[in-house]
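Asks: Shown below is the structure under consideration.
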Amino acid sequence: MPLFLDLPVELLPVILRHIVKPHHLTLCCLVNKAFSVFTIPQLYERIHIYAWYKHGKAKVFNLFRTLAERPDLAKWVKKLELRDFPKAIYSAESYESLTSSCLKGLTNCTTLHSCTWTRDQTLSTEILEVLSSKCSSLKELEINGHATGTYNPRVLLQFTSLTKISLVMPSIDVIDILPIWLQRTGESLTAFHVLCKETTLITDSTLETLGHFMTQLKHLHIAGCPKVTQNGILSVLRHNSQRIESLGLEGLSPGLDIAVIAENARPFTALTSLTLTLRPRLPPSWSSEFRSLTARSPLAELHLYVIGQGYTPEACDQSGLVDSVVELHALTLRKFSFHRLRLRPELIGSICGSCPNLESLFVVVNNSSLNGLVPALARSRSPSEVLSIATQLGSQVRQLGFGNRVYQLDRITRTNEDKEIIVDLVLTPYEHPEVPEQFLVVRT
């Protein structure tokens, strides 16, 4: 009988791609030399450290020490996502050691394509200089934009060939150099994201200035800028020669009029992802405005959430909202999320039953609705990632979330005393190192 090790070695990469947990990949590296050769590139290809990781700061120390001492491993890193980094280091020697390891480790990441570094007051001018000068393959940069007292914002001007710029809570000195930076970036930039808690530093005038230098955008996401209206968004879209594929308008001016955007911008015929915030009381015209914006869009992902006080389920025309979405995008929708919108179970059932390609559903429900939620979700024909609340679901569901915990639903077969094959459902920890965006940002 052939053994597993008798399989052609060419099949190993295909098999290993189904293993996502770093610890499991580490064990695969120890099987033999052939496994090690194929597993190490996958193990180091994507590195993630989140703020909630146990001993996350120690992981940062160990990571950069490894990348500094082992350039043969660092060369495989394509994506580096650091959402935690030590701030308080009481020993000067430890701080110098970490800084030295960071600089040397990043220098060794010669094929780095994407870098995320969002912890406030942990970036430095030296780190950004290494990223710009040594990581020639870097195309995507997501950083904390609070440069005051942390790094010299002018160092950002050295990044001239990025395809994606994402700034988290930028300070005024970073905003001031954006026009020069985007001008130097030129036509390579296809994605521009700004995420703020709530800032008045970015206005329509800011976007009007920046729009002249963003002519090839496919992805635009502005969040937490209440001084931005439809005029600012339109000023960016008018200068853009590409079709927008993803659009995020979150926490902008209370008077934001998406109907004006729809009337004055080119039709969104390539739009596949849309994120919008809603006010506690939807105006009667919302459904028609949504239709005018997305009527010609092959929408695959839709994220909606309510901001502000005074929301009650009765204040929102849930049926009209769901009907509008389902009528237009039932056949293309793959991911649907509602934040701070407590949908009734029958409407969740309508979504699941009407969208045959739905894969991901994020919803908020009351505890009293749990019993009614199970049959509603069971109507979905092919959900592979349902992060919501339920207790008994069909065999097609792979993941289940409750509160702030996410589990995988594994099915284990066994043979009982009567020689019958029994399938047991068990909850196991969520293994994938990448966390859905819905759990990275808390919208309030």
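Residues in the structure tokens are named by chain (A, B, ... in the order shown) and by number from 1 within that chain; ligands are numbered from 1 in the order shown.
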Excluding same-chain residues fewer than 4 positions from Pro41 (chain A), what lies within 9 Å of it counting only C-alpha atoms, as a list in words?

Replies: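 Listing them by chain and then by number gives Ser36, Val37, Glu45, Leu73, Lys75, Trp76 and Val77 of chain A.
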
Asks: I'd like the contact shell of region 120-134 of chain A - 10 Å cut-off, only C-alpha atoms, skipping same-chain residues fewer than 6 positions apart - returned as a ChimeraX atom specification.

Replies: /A:83-88,99-100,102-112,141,143-161,168-169

Asks: Which of region 193-385 of chain A counts as strand (DSSP E or B) under DSSP, as a PyMOL selection string please?

Replies: chain A and resi 193-195+219-223+246-250+273-278+301-306+335-342+360-364+385

Asks: Just the residues within 7 Å of Leu299 (chain A), please, counting only C-alpha atoms, with nothing from its chain fewer than 4 positions along; format it as a list in words.

Replies: Leu271, Thr272, Ser273, His329, Thr332 and Leu333 of chain A

Asks: Taking all heavy atoms for each residue, export the selection above as a PDB file, in the first residue's frame.

Replies:
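And here is the file that came out, selection_25.pdb:
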```pdb
ATOM      1  N   LEU A 271     -17.996  48.705  -9.762  1.00  0.00           N
ATOM      2  CA  LEU A 271     -18.024  48.704  -8.295  1.00  0.00           C
ATOM      3  C   LEU A 271     -18.418  47.332  -7.762  1.00  0.00           C
ATOM      4  O   LEU A 271     -19.532  46.868  -7.980  1.00  0.00           O
ATOM      5  CB  LEU A 271     -19.010  49.761  -7.793  1.00  0.00           C
ATOM      6  CG  LEU A 271     -19.037  50.005  -6.286  1.00  0.00           C
ATOM      7  CD1 LEU A 271     -17.724  50.637  -5.831  1.00  0.00           C
ATOM      8  CD2 LEU A 271     -20.219  50.897  -5.907  1.00  0.00           C
ATOM      9  N   THR A 272     -17.498  46.695  -7.033  1.00  0.00           N
ATOM     10  CA  THR A 272     -17.775  45.381  -6.456  1.00  0.00           C
ATOM     11  C   THR A 272     -17.863  45.417  -4.932  1.00  0.00           C
ATOM     12  O   THR A 272     -18.350  44.468  -4.322  1.00  0.00           O
ATOM     13  CB  THR A 272     -16.689  44.370  -6.854  1.00  0.00           C
ATOM     14  OG1 THR A 272     -15.404  44.837  -6.404  1.00  0.00           O
ATOM     15  CG2 THR A 272     -16.655  44.172  -8.363  1.00  0.00           C
ATOM     16  N   SER A 273     -17.373  46.498  -4.295  1.00  0.00           N
ATOM     17  CA  SER A 273     -17.410  46.598  -2.840  1.00  0.00           C
ATOM     18  C   SER A 273     -17.827  47.999  -2.429  1.00  0.00           C
ATOM     19  O   SER A 273     -17.287  48.987  -2.921  1.00  0.00           O
ATOM     20  CB  SER A 273     -16.024  46.264  -2.255  1.00  0.00           C
ATOM     21  OG  SER A 273     -16.009  46.431  -0.845  1.00  0.00           O
ATOM     22  N   HIS A 329     -28.965  43.146  -6.238  1.00  0.00           N
ATOM     23  CA  HIS A 329     -27.664  42.466  -6.180  1.00  0.00           C
ATOM     24  C   HIS A 329     -27.729  41.030  -5.662  1.00  0.00           C
ATOM     25  O   HIS A 329     -26.703  40.483  -5.253  1.00  0.00           O
ATOM     26  CB  HIS A 329     -26.709  43.281  -5.302  1.00  0.00           C
ATOM     27  CG  HIS A 329     -26.607  44.717  -5.695  1.00  0.00           C
ATOM     28  ND1 HIS A 329     -26.041  45.118  -6.889  1.00  0.00           N
ATOM     29  CD2 HIS A 329     -27.033  45.853  -5.079  1.00  0.00           C
ATOM     30  CE1 HIS A 329     -26.096  46.442  -6.981  1.00  0.00           C
ATOM     31  NE2 HIS A 329     -26.699  46.907  -5.906  1.00  0.00           N
ATOM     32  N   THR A 332     -25.151  38.623  -7.397  1.00  0.00           N
ATOM     33  CA  THR A 332     -23.707  38.894  -7.345  1.00  0.00           C
ATOM     34  C   THR A 332     -23.163  38.978  -5.923  1.00  0.00           C
ATOM     35  O   THR A 332     -21.956  38.873  -5.717  1.00  0.00           O
ATOM     36  CB  THR A 332     -23.378  40.217  -8.057  1.00  0.00           C
ATOM     37  OG1 THR A 332     -24.118  41.286  -7.441  1.00  0.00           O
ATOM     38  CG2 THR A 332     -23.730  40.139  -9.532  1.00  0.00           C
ATOM     39  N   LEU A 333     -24.038  39.159  -4.942  1.00  0.00           N
ATOM     40  CA  LEU A 333     -23.579  39.417  -3.575  1.00  0.00           C
ATOM     41  C   LEU A 333     -22.929  38.172  -2.954  1.00  0.00           C
ATOM     42  O   LEU A 333     -23.508  37.087  -2.938  1.00  0.00           O
ATOM     43  CB  LEU A 333     -24.765  39.855  -2.715  1.00  0.00           C
ATOM     44  CG  LEU A 333     -24.478  40.851  -1.595  1.00  0.00           C
ATOM     45  CD1 LEU A 333     -23.812  42.107  -2.129  1.00  0.00           C
ATOM     46  CD2 LEU A 333     -25.762  41.197  -0.860  1.00  0.00           C
TER      47      LEU A 333
END
```

Asks: Name the closest residue to Leu80 (chain A) among the candidates A:Leu63, A:Val20, A:Leu361, A:Cys115; distances are taken between atoms, counting only C-alpha atoms.

Replies: A:Cys115

Asks: For a test of reading the model, state the distance in Å between CA of Ser205 (chain A) and CA of Ser288 (chain A), rounded to one decimal.

Replies: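 Atom-to-atom, CA of Ser205 (chain A) to CA of Ser288 (chain A), that is 28.5 Å.
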
Asks: Quick one: pick out all helix (DSSP H, G or I) residues within region 173-218 of chain A from a backbone DSSP run and write them as number ranges by chain.

Replies: A: 173-188, 204-211

Asks: For those residues, write N, CA and C atoms to a file as a PDB file, in the first residue's frame.

Replies:
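What follows is the written file result_20.pdb:
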```
ATOM      1  N   ASP A 173       0.763  67.526  10.015  1.00  0.00           N
ATOM      2  CA  ASP A 173       2.010  67.600   9.250  1.00  0.00           C
ATOM      3  C   ASP A 173       2.067  66.552   8.151  1.00  0.00           C
ATOM      4  N   VAL A 174       1.402  65.422   8.345  1.00  0.00           N
ATOM      5  CA  VAL A 174       1.323  64.407   7.281  1.00  0.00           C
ATOM      6  C   VAL A 174       0.329  64.850   6.212  1.00  0.00           C
ATOM      7  N   ILE A 175      -0.797  65.402   6.631  1.00  0.00           N
ATOM      8  CA  ILE A 175      -1.791  65.890   5.669  1.00  0.00           C
ATOM      9  C   ILE A 175      -1.201  66.981   4.790  1.00  0.00           C
ATOM     10  N   ASP A 176      -0.363  67.833   5.383  1.00  0.00           N
ATOM     11  CA  ASP A 176       0.222  68.945   4.634  1.00  0.00           C
ATOM     12  C   ASP A 176       1.154  68.489   3.509  1.00  0.00           C
ATOM     13  N   ILE A 177       1.815  67.337   3.697  1.00  0.00           N
ATOM     14  CA  ILE A 177       2.749  66.889   2.648  1.00  0.00           C
ATOM     15  C   ILE A 177       2.095  65.928   1.658  1.00  0.00           C
ATOM     16  N   LEU A 178       0.812  65.609   1.869  1.00  0.00           N
ATOM     17  CA  LEU A 178       0.132  64.675   0.967  1.00  0.00           C
ATOM     18  C   LEU A 178       0.134  65.126  -0.495  1.00  0.00           C
ATOM     19  N   PRO A 179      -0.146  66.394  -0.803  1.00  0.00           N
ATOM     20  CA  PRO A 179      -0.130  66.783  -2.219  1.00  0.00           C
ATOM     21  C   PRO A 179       1.211  66.513  -2.894  1.00  0.00           C
ATOM     22  N   ILE A 180       2.312  66.826  -2.227  1.00  0.00           N
ATOM     23  CA  ILE A 180       3.637  66.569  -2.809  1.00  0.00           C
ATOM     24  C   ILE A 180       3.870  65.068  -2.940  1.00  0.00           C
ATOM     25  N   TRP A 181       3.488  64.317  -1.890  1.00  0.00           N
ATOM     26  CA  TRP A 181       3.706  62.869  -1.897  1.00  0.00           C
ATOM     27  C   TRP A 181       2.920  62.206  -3.029  1.00  0.00           C
ATOM     28  N   LEU A 182       1.643  62.547  -3.163  1.00  0.00           N
ATOM     29  CA  LEU A 182       0.829  61.921  -4.206  1.00  0.00           C
ATOM     30  C   LEU A 182       1.301  62.338  -5.592  1.00  0.00           C
ATOM     31  N   GLN A 183       1.804  63.545  -5.714  1.00  0.00           N
ATOM     32  CA  GLN A 183       2.334  63.985  -7.005  1.00  0.00           C
ATOM     33  C   GLN A 183       3.551  63.160  -7.387  1.00  0.00           C
ATOM     34  N   ARG A 184       4.401  62.856  -6.412  1.00  0.00           N
ATOM     35  CA  ARG A 184       5.583  62.042  -6.684  1.00  0.00           C
ATOM     36  C   ARG A 184       5.224  60.579  -6.935  1.00  0.00           C
ATOM     37  N   THR A 185       4.169  60.123  -6.273  1.00  0.00           N
ATOM     38  CA  THR A 185       3.732  58.737  -6.495  1.00  0.00           C
ATOM     39  C   THR A 185       3.236  58.545  -7.921  1.00  0.00           C
ATOM     40  N   GLY A 186       2.594  59.586  -8.440  1.00  0.00           N
ATOM     41  CA  GLY A 186       2.191  59.552  -9.839  1.00  0.00           C
ATOM     42  C   GLY A 186       1.079  58.569 -10.127  1.00  0.00           C
ATOM     43  N   GLU A 187       1.122  57.984 -11.298  1.00  0.00           N
ATOM     44  CA  GLU A 187       0.028  57.149 -11.783  1.00  0.00           C
ATOM     45  C   GLU A 187       0.069  55.724 -11.248  1.00  0.00           C
ATOM     46  N   SER A 188       1.045  55.405 -10.398  1.00  0.00           N
ATOM     47  CA  SER A 188       1.098  54.048  -9.846  1.00  0.00           C
ATOM     48  C   SER A 188       0.028  53.841  -8.777  1.00  0.00           C
ATOM     49  N   ASP A 204     -13.411  69.002   2.282  1.00  0.00           N
ATOM     50  CA  ASP A 204     -13.628  68.980   0.826  1.00  0.00           C
ATOM     51  C   ASP A 204     -12.455  69.632   0.102  1.00  0.00           C
ATOM     52  N   SER A 205     -11.949  70.714   0.671  1.00  0.00           N
ATOM     53  CA  SER A 205     -10.817  71.418   0.061  1.00  0.00           C
ATOM     54  C   SER A 205      -9.588  70.530  -0.009  1.00  0.00           C
ATOM     55  N   THR A 206      -9.369  69.742   1.048  1.00  0.00           N
ATOM     56  CA  THR A 206      -8.237  68.806   1.059  1.00  0.00           C
ATOM     57  C   THR A 206      -8.355  67.816  -0.093  1.00  0.00           C
ATOM     58  N   LEU A 207      -9.522  67.213  -0.229  1.00  0.00           N
ATOM     59  CA  LEU A 207      -9.719  66.207  -1.279  1.00  0.00           C
ATOM     60  C   LEU A 207      -9.671  66.826  -2.671  1.00  0.00           C
ATOM     61  N   GLU A 208     -10.129  68.052  -2.790  1.00  0.00           N
ATOM     62  CA  GLU A 208     -10.060  68.726  -4.094  1.00  0.00           C
ATOM     63  C   GLU A 208      -8.611  68.910  -4.529  1.00  0.00           C
ATOM     64  N   THR A 209      -7.743  69.253  -3.579  1.00  0.00           N
ATOM     65  CA  THR A 209      -6.321  69.401  -3.891  1.00  0.00           C
ATOM     66  C   THR A 209      -5.698  68.059  -4.238  1.00  0.00           C
ATOM     67  N   LEU A 210      -6.011  67.038  -3.442  1.00  0.00           N
ATOM     68  CA  LEU A 210      -5.418  65.717  -3.657  1.00  0.00           C
ATOM     69  C   LEU A 210      -5.935  65.069  -4.937  1.00  0.00           C
ATOM     70  N   GLY A 211      -7.174  65.382  -5.322  1.00  0.00           N
ATOM     71  CA  GLY A 211      -7.778  64.743  -6.485  1.00  0.00           C
ATOM     72  C   GLY A 211      -6.991  64.933  -7.764  1.00  0.00           C
TER      73      GLY A 211
END
```

Asks: Which is closest to Gly251 (chain A) among A:Val194, A:Leu30, A:Ile47, A:Ala270, if we use only C-alpha atoms?

Replies: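 Among A:Val194, A:Leu30, A:Ile47, A:Ala270, it is A:Val194 that comes nearest to Gly251 (chain A).
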
Asks: Tell me which of A:Cys352, A:Ala295, A:Glu301, A:Glu359 sits closest to Glu327 (chain A), counting only C-alpha atoms.

Replies: A:Ala295

Asks: Could you pull the residues within 7 Å of Gln242 (chain A), counting only C-alpha atoms, minus those fewer than 4 positions along the same chain, as a ChimeraX atom specification?

Replies: /A:216-218

Asks: Just to be explicit: take each residue in the selection above, keep all heavy atoms, and write the result as a tab-separated table (two decimals), in the first residue's frame.

Replies:
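result06.tsv, written as the output of this step:
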```tsv
chain	number	residue	atom	x	y	z
A	216	GLN	N	-5.61	57.49	-11.19
A	216	GLN	CA	-5.71	56.08	-11.56
A	216	GLN	C	-6.34	55.24	-10.46
A	216	GLN	O	-6.12	54.04	-10.38
A	216	GLN	CB	-4.31	55.53	-11.87
A	216	GLN	CG	-3.57	56.27	-12.97
A	216	GLN	CD	-4.27	56.16	-14.30
A	216	GLN	OE1	-4.75	55.09	-14.67
A	216	GLN	NE2	-4.32	57.26	-15.04
A	217	LEU	N	-7.14	55.87	-9.61
A	217	LEU	CA	-7.71	55.16	-8.45
A	217	LEU	C	-8.74	54.11	-8.87
A	217	LEU	O	-9.59	54.35	-9.72
A	217	LEU	CB	-8.39	56.15	-7.50
A	217	LEU	CG	-7.50	56.98	-6.57
A	217	LEU	CD1	-8.37	57.76	-5.60
A	217	LEU	CD2	-6.51	56.12	-5.81
A	218	LYS	N	-8.66	52.96	-8.19
A	218	LYS	CA	-9.69	51.94	-8.29
A	218	LYS	C	-10.35	51.69	-6.93
A	218	LYS	O	-11.42	51.09	-6.87
A	218	LYS	CB	-9.08	50.64	-8.82
A	218	LYS	CG	-8.56	50.75	-10.24
A	218	LYS	CD	-8.00	49.41	-10.72
A	218	LYS	CE	-7.48	49.51	-12.15
A	218	LYS	NZ	-6.91	48.22	-12.62
```
